[in-house]
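Chemist: Provided below: input37.cif, containing mmCIF, C-alpha atoms; chains and numbers go by the auth columns.
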```cif
data_model
#
loop_
_atom_site.group_PDB
_atom_site.id
_atom_site.type_symbol
_atom_site.label_atom_id
_atom_site.label_comp_id
_atom_site.label_asym_id
_atom_site.label_seq_id
_atom_site.Cartn_x
_atom_site.Cartn_y
_atom_site.Cartn_z
_atom_site.B_iso_or_equiv
_atom_site.auth_seq_id
_atom_site.auth_asym_id
ATOM 1 C CA MET A 1 70.382 86.187 106.837 0.00 1 A
ATOM 2 C CA SER A 2 71.131 88.174 109.963 0.00 2 A
ATOM 3 C CA THR A 3 71.897 91.839 109.593 0.00 3 A
ATOM 4 C CA PRO A 4 75.313 93.052 110.675 0.00 4 A
ATOM 5 C CA LYS A 5 75.494 94.552 114.142 0.00 5 A
ATOM 6 C CA THR A 6 76.915 98.013 114.621 0.00 6 A
ATOM 7 C CA HIS A 7 79.943 98.185 116.885 0.00 7 A
ATOM 8 C CA ASP A 8 81.574 101.571 117.403 0.00 8 A
ATOM 9 C CA ALA A 9 84.015 100.317 120.029 0.00 9 A
ATOM 10 C CA ALA A 10 86.672 99.516 117.415 0.00 10 A
ATOM 11 C CA GLU A 11 86.960 103.219 116.567 0.00 11 A
ATOM 12 C CA ASP A 12 88.428 104.016 119.982 0.00 12 A
ATOM 13 C CA ASP A 13 90.392 100.751 120.387 0.00 13 A
ATOM 14 C CA THR A 14 88.104 99.591 123.178 0.00 14 A
ATOM 15 C CA PRO A 15 88.065 95.789 123.013 0.00 15 A
ATOM 16 C CA LEU A 16 84.880 94.369 121.543 0.00 16 A
ATOM 17 C CA ALA A 17 85.383 91.238 123.635 0.00 17 A
ATOM 18 C CA THR A 18 87.975 89.627 125.865 0.00 18 A
ATOM 19 C CA LEU A 19 89.836 86.829 124.123 0.00 19 A
ATOM 20 C CA PRO A 20 91.970 84.050 125.558 0.00 20 A
ATOM 21 C CA PRO A 21 95.510 84.027 124.106 0.00 21 A
ATOM 22 C CA ASP A 22 94.870 80.897 121.997 0.00 22 A
ATOM 23 C CA TYR A 23 91.443 82.003 120.666 0.00 23 A
ATOM 24 C CA HIS A 24 90.462 81.286 117.069 0.00 24 A
ATOM 25 C CA PRO A 25 87.008 81.994 115.631 0.00 25 A
ATOM 26 C CA SER A 26 84.747 78.981 115.529 0.00 26 A
ATOM 27 C CA GLN A 27 81.822 77.965 113.354 0.00 27 A
ATOM 28 C CA ASP A 28 80.059 77.047 116.609 0.00 28 A
ATOM 29 C CA GLU A 29 79.782 80.732 117.541 0.00 29 A
ATOM 30 C CA GLU A 30 77.391 83.269 116.054 0.00 30 A
ATOM 31 C CA TYR A 31 78.964 84.661 112.879 0.00 31 A
ATOM 32 C CA MET A 32 80.745 87.962 113.493 0.00 32 A
ATOM 33 C CA CYS A 33 79.955 87.976 117.185 0.00 33 A
ATOM 34 C CA PRO A 34 82.005 90.408 119.311 0.00 34 A
ATOM 35 C CA ARG A 35 84.701 87.750 119.808 0.00 35 A
ATOM 36 C CA HIS A 36 85.094 87.254 116.055 0.00 36 A
ATOM 37 C CA LEU A 37 85.231 90.993 115.486 0.00 37 A
ATOM 38 C CA GLU A 38 87.830 91.482 118.223 0.00 38 A
ATOM 39 C CA TYR A 39 89.934 88.615 116.877 0.00 39 A
ATOM 40 C CA PHE A 40 90.028 90.121 113.378 0.00 40 A
ATOM 41 C CA ARG A 41 90.520 93.662 114.745 0.00 41 A
ATOM 42 C CA LEU A 42 93.601 92.494 116.654 0.00 42 A
ATOM 43 C CA LYS A 43 94.855 90.533 113.635 0.00 43 A
ATOM 44 C CA LEU A 44 94.468 93.564 111.353 0.00 44 A
ATOM 45 C CA GLU A 45 96.023 95.956 113.885 0.00 45 A
ATOM 46 C CA GLY A 46 99.023 93.633 114.283 0.00 46 A
ATOM 47 C CA TRP A 47 99.459 93.316 110.526 0.00 47 A
ATOM 48 C CA LYS A 48 99.276 97.087 110.136 0.00 48 A
ATOM 49 C CA ALA A 49 101.828 97.638 112.931 0.00 49 A
ATOM 50 C CA ASP A 50 104.235 95.193 111.251 0.00 50 A
ATOM 51 C CA LEU A 51 103.900 96.980 107.902 0.00 51 A
ATOM 52 C CA LEU A 52 104.434 100.398 109.481 0.00 52 A
ATOM 53 C CA SER A 53 107.491 99.128 111.347 0.00 53 A
ATOM 54 C CA GLU A 54 108.965 97.769 108.108 0.00 54 A
ATOM 55 C CA SER A 55 108.393 101.101 106.360 0.00 55 A
ATOM 56 C CA VAL A 56 110.235 102.963 109.129 0.00 56 A
ATOM 57 C CA GLU A 57 113.130 100.521 108.777 0.00 57 A
ATOM 58 C CA THR A 58 113.170 101.134 105.029 0.00 58 A
ATOM 59 C CA ILE A 59 113.307 104.896 105.505 0.00 59 A
ATOM 60 C CA HIS A 60 116.232 104.565 107.912 0.00 60 A
ATOM 61 C CA HIS A 61 118.016 102.140 105.592 0.00 61 A
ATOM 62 C CA MET A 62 117.556 104.416 102.581 0.00 62 A
ATOM 63 C CA GLN A 63 118.766 107.463 104.527 0.00 63 A
ATOM 64 C CA GLU A 64 121.886 105.590 105.610 0.00 64 A
ATOM 65 C CA GLU A 65 122.672 104.478 102.067 0.00 65 A
ATOM 66 C CA THR A 66 122.721 107.841 100.344 0.00 66 A
ATOM 67 C CA HIS A 67 126.383 107.612 99.323 0.00 67 A
ATOM 68 C CA ASN A 68 127.131 107.708 95.619 0.00 68 A
ATOM 69 C CA GLU A 69 128.681 104.578 94.137 0.00 69 A
ATOM 70 C CA PRO A 70 131.695 105.365 91.911 0.00 70 A
ATOM 71 C CA ASP A 71 131.276 102.179 89.858 0.00 71 A
ATOM 72 C CA LEU A 72 128.450 102.355 87.302 0.00 72 A
ATOM 73 C CA ALA A 73 127.450 98.722 87.818 0.00 73 A
ATOM 74 C CA ASP A 74 127.295 99.194 91.598 0.00 74 A
ATOM 75 C CA ARG A 75 125.290 102.385 91.154 0.00 75 A
ATOM 76 C CA ALA A 76 122.851 100.610 88.829 0.00 76 A
ATOM 77 C CA THR A 77 122.444 97.767 91.331 0.00 77 A
ATOM 78 C CA THR A 78 121.829 100.244 94.150 0.00 78 A
ATOM 79 C CA GLU A 79 119.245 102.145 92.107 0.00 79 A
ATOM 80 C CA THR A 80 117.501 98.902 91.103 0.00 80 A
ATOM 81 C CA ASP A 81 117.376 97.795 94.730 0.00 81 A
ATOM 82 C CA ARG A 82 116.038 101.180 95.793 0.00 82 A
ATOM 83 C CA ALA A 83 113.340 101.161 93.083 0.00 83 A
ATOM 84 C CA PHE A 84 112.308 97.643 94.075 0.00 84 A
ATOM 85 C CA GLU A 85 112.112 98.675 97.734 0.00 85 A
ATOM 86 C CA LEU A 86 109.997 101.725 96.885 0.00 86 A
ATOM 87 C CA ARG A 87 107.600 99.610 94.795 0.00 87 A
ATOM 88 C CA THR A 88 107.298 97.160 97.684 0.00 88 A
ATOM 89 C CA ARG A 89 106.555 99.995 100.127 0.00 89 A
ATOM 90 C CA ASP A 90 103.960 101.429 97.730 0.00 90 A
ATOM 91 C CA ARG A 91 102.182 98.057 97.633 0.00 91 A
ATOM 92 C CA GLU A 92 102.333 97.958 101.423 0.00 92 A
ATOM 93 C CA ARG A 93 100.908 101.499 101.613 0.00 93 A
ATOM 94 C CA LYS A 94 97.938 100.333 99.547 0.00 94 A
ATOM 95 C CA LEU A 95 97.617 97.303 101.801 0.00 95 A
ATOM 96 C CA ILE A 96 97.555 99.558 104.874 0.00 96 A
ATOM 97 C CA ASN A 97 94.692 101.488 103.262 0.00 97 A
ATOM 98 C CA LYS A 98 92.792 98.210 102.813 0.00 98 A
ATOM 99 C CA ILE A 99 93.522 97.271 106.426 0.00 99 A
ATOM 100 C CA ASN A 100 92.177 100.646 107.558 0.00 100 A
ATOM 101 C CA GLU A 101 89.029 100.072 105.484 0.00 101 A
ATOM 102 C CA ALA A 102 88.582 96.643 107.096 0.00 102 A
ATOM 103 C CA LEU A 103 88.964 98.220 110.542 0.00 103 A
ATOM 104 C CA MET A 104 86.283 100.757 109.617 0.00 104 A
ATOM 105 C CA ARG A 105 84.009 97.882 108.569 0.00 105 A
ATOM 106 C CA ILE A 106 84.583 96.281 111.963 0.00 106 A
ATOM 107 C CA ALA A 107 83.640 99.594 113.590 0.00 107 A
ATOM 108 C CA ASP A 108 80.449 99.986 111.559 0.00 108 A
ATOM 109 C CA GLY A 109 79.426 96.329 111.816 0.00 109 A
ATOM 110 C CA SER A 110 79.694 95.440 108.134 0.00 110 A
ATOM 111 C CA TYR A 111 82.942 93.437 108.453 0.00 111 A
ATOM 112 C CA GLY A 112 82.680 89.819 107.372 0.00 112 A
ATOM 113 C CA TYR A 113 79.828 90.411 104.930 0.00 113 A
ATOM 114 C CA CYS A 114 80.168 90.541 101.143 0.00 114 A
ATOM 115 C CA GLU A 115 79.923 94.062 99.782 0.00 115 A
ATOM 116 C CA GLU A 116 78.032 92.793 96.724 0.00 116 A
ATOM 117 C CA THR A 117 75.651 90.200 98.168 0.00 117 A
ATOM 118 C CA ASP A 118 75.611 90.919 101.944 0.00 118 A
ATOM 119 C CA ASP A 119 76.243 87.177 102.436 0.00 119 A
ATOM 120 C CA PRO A 120 78.800 86.110 105.041 0.00 120 A
ATOM 121 C CA ILE A 121 82.316 86.004 103.604 0.00 121 A
ATOM 122 C CA GLY A 122 83.186 83.088 105.865 0.00 122 A
ATOM 123 C CA LEU A 123 85.669 82.569 108.661 0.00 123 A
ATOM 124 C CA ALA A 124 88.116 80.479 106.618 0.00 124 A
ATOM 125 C CA ARG A 125 88.307 83.112 103.871 0.00 125 A
ATOM 126 C CA LEU A 126 88.746 85.929 106.390 0.00 126 A
ATOM 127 C CA GLU A 127 91.378 83.931 108.235 0.00 127 A
ATOM 128 C CA ALA A 128 93.309 83.581 104.958 0.00 128 A
ATOM 129 C CA ARG A 129 92.667 87.178 103.807 0.00 129 A
ATOM 130 C CA ALA A 130 91.413 89.379 106.621 0.00 130 A
ATOM 131 C CA ILE A 131 90.866 92.321 104.245 0.00 131 A
ATOM 132 C CA ALA A 132 88.507 90.382 101.956 0.00 132 A
ATOM 133 C CA THR A 133 85.395 92.312 100.938 0.00 133 A
ATOM 134 C CA LEU A 134 83.757 89.696 98.735 0.00 134 A
ATOM 135 C CA CYS A 135 82.474 86.213 99.453 0.00 135 A
ATOM 136 C CA LEU A 136 84.104 83.451 97.430 0.00 136 A
ATOM 137 C CA GLU A 137 81.333 83.281 94.829 0.00 137 A
ATOM 138 C CA ALA A 138 81.355 87.060 94.244 0.00 138 A
ATOM 139 C CA GLN A 139 85.164 87.068 94.062 0.00 139 A
ATOM 140 C CA GLU A 140 85.156 84.267 91.481 0.00 140 A
ATOM 141 C CA ARG A 141 82.488 86.096 89.453 0.00 141 A
ATOM 142 C CA HIS A 142 84.547 89.295 89.632 0.00 142 A
ATOM 143 C CA GLU A 143 87.685 87.465 88.437 0.00 143 A
ATOM 144 C CA ARG A 144 85.772 85.802 85.564 0.00 144 A
ATOM 145 C CA ASP A 145 84.383 89.176 84.481 0.00 145 A
ATOM 146 C CA GLU A 146 87.845 90.726 84.709 0.00 146 A
ATOM 147 C CA LYS A 147 89.306 87.946 82.566 0.00 147 A
ATOM 148 C CA VAL A 148 86.568 88.320 79.941 0.00 148 A
ATOM 149 C CA HIS A 149 87.142 92.060 79.715 0.00 149 A
ATOM 150 C CA SER A 150 90.929 91.750 79.523 0.00 150 A
ATOM 151 C CA ASP A 151 90.826 89.220 76.651 0.00 151 A
#
```
Here is the file; what I need is its structure written in the form of structure tokens.

Modeler:
Amino acid sequence: MSTPKTHDAAEDDTPLATLPPDYHPSQDEEYMCPRHLEYFRLKLEGWKADLLSESVETIHHMQEETHNEPDLADRATTETDRAFELRTRDRERKLINKINEALMRIADGSYGYCEETDDPIGLARLEARAIATLCLEAQERHERDEKVHSD
């Protein structure tokens, strides 16, 4: 197994590599080469920007809708909607924290490697869940253990 390379360029947003617009990581390339790292850094940064933009929109929407509903049913609906929106934003806040952690792993060179086994997580898994910290086998083991302890 190759050891992860340290890349500090991601900390200052300096590109780790230049990518063509239609680039997708390939199995033919060295795993977690600078192009892979840059691809996932850009993907994570874009995802984070989208989440932050949505949260700003939510704040503006909630500030605009501060009027009190005279009808109890309307007020209950408004409060339910607001609570749902706040729960959604809280989940997104936690997701942003995970994105930031993934970006730090890109910066320190540990991104793409399982935090339990140091094995490669795999391009397909990272493409599906760019914040993944466990390889598939470790994730399945973790879920089995969680199920056993919850039963």

Chemist: Taking only C-alpha atoms into account, which of A:Glu140, A:Glu146, A:Glu79, A:Asp119 comes nearest Met32 (chain A)?

Modeler: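 Answer, going by the shortest atom-to-atom distance: A:Asp119.
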
Chemist: Starting from the PyMOL selection byres ((chain A and resi 33-35) around 10), expand the selection into actual residues of this file and give them as a ChimeraX atom specification.

Modeler: /A:4-5,7,15-20,23-26,29-32,36-41,106,109

Chemist: Generate the output file for the selected residues, C-alpha atoms, as an mmCIF file, in the frame of the given file.

Modeler:
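To be explicit, this is the file written out as result38.cif:
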```
data_model
loop_
_atom_site.group_PDB
_atom_site.id
_atom_site.type_symbol
_atom_site.label_atom_id
_atom_site.label_comp_id
_atom_site.auth_asym_id
_atom_site.auth_seq_id
_atom_site.Cartn_x
_atom_site.Cartn_y
_atom_site.Cartn_z
ATOM 1 C CA PRO A 4 75.313 93.052 110.675
ATOM 2 C CA LYS A 5 75.494 94.552 114.142
ATOM 3 C CA HIS A 7 79.943 98.185 116.885
ATOM 4 C CA PRO A 15 88.065 95.789 123.013
ATOM 5 C CA LEU A 16 84.880 94.369 121.543
ATOM 6 C CA ALA A 17 85.383 91.238 123.635
ATOM 7 C CA THR A 18 87.975 89.627 125.865
ATOM 8 C CA LEU A 19 89.836 86.829 124.123
ATOM 9 C CA PRO A 20 91.970 84.050 125.558
ATOM 10 C CA TYR A 23 91.443 82.003 120.666
ATOM 11 C CA HIS A 24 90.462 81.286 117.069
ATOM 12 C CA PRO A 25 87.008 81.994 115.631
ATOM 13 C CA SER A 26 84.747 78.981 115.529
ATOM 14 C CA GLU A 29 79.782 80.732 117.541
ATOM 15 C CA GLU A 30 77.391 83.269 116.054
ATOM 16 C CA TYR A 31 78.964 84.661 112.879
ATOM 17 C CA MET A 32 80.745 87.962 113.493
ATOM 18 C CA HIS A 36 85.094 87.254 116.055
ATOM 19 C CA LEU A 37 85.231 90.993 115.486
ATOM 20 C CA GLU A 38 87.830 91.482 118.223
ATOM 21 C CA TYR A 39 89.934 88.615 116.877
ATOM 22 C CA PHE A 40 90.028 90.121 113.378
ATOM 23 C CA ARG A 41 90.520 93.662 114.745
ATOM 24 C CA ILE A 106 84.583 96.281 111.963
ATOM 25 C CA GLY A 109 79.426 96.329 111.816
#
```

Chemist: Expand the PyMOL selection byres ((chain A and resi 99) around 10) into the explicit residue set it covers here, and present it as a list in words.

Modeler: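 Given this file, the PyMOL selection byres ((chain A and resi 99) around 10) evaluates to Arg41, Lys43, Leu44, Glu45, Trp47, Lys48, Arg93, Lys94, Leu95, Ile96, Asn97, Lys98, Asn100, Glu101, Ala102, Leu103, Met104, Arg105, Ala130, Ile131 and Ala132 of chain A.
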
Chemist: Taking all atoms listed in the file into account, name the residue in A:Leu134, A:Ala128, A:Ile59, A:Ala73 that is nearest to Gly112 (chain A).

Modeler: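 Among the listed residues, the smallest separation from Gly112 (chain A) belongs to A:Leu134.
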
Chemist: Can you work out the spacing between CA of Leu136 (chain A) and CA of Gly46 (chain A) in Å, to one decimal?

Modeler: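 Straight-line distance from CA of Leu136 (chain A) to CA of Gly46 (chain A) works out to 24.7 Å.
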
Chemist: Just the number, please: distance in Å from CA of Asp28 (chain A) to CA of Glu116 (chain A), one decimal.

Modeler: 25.4 Å

Chemist: What separation in Å, quoted to one decimal, exists between CA of Gln27 (chain A) and CA of Gly122 (chain A)?

Modeler: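 Here the two named atoms are 9.2 Å from each other.
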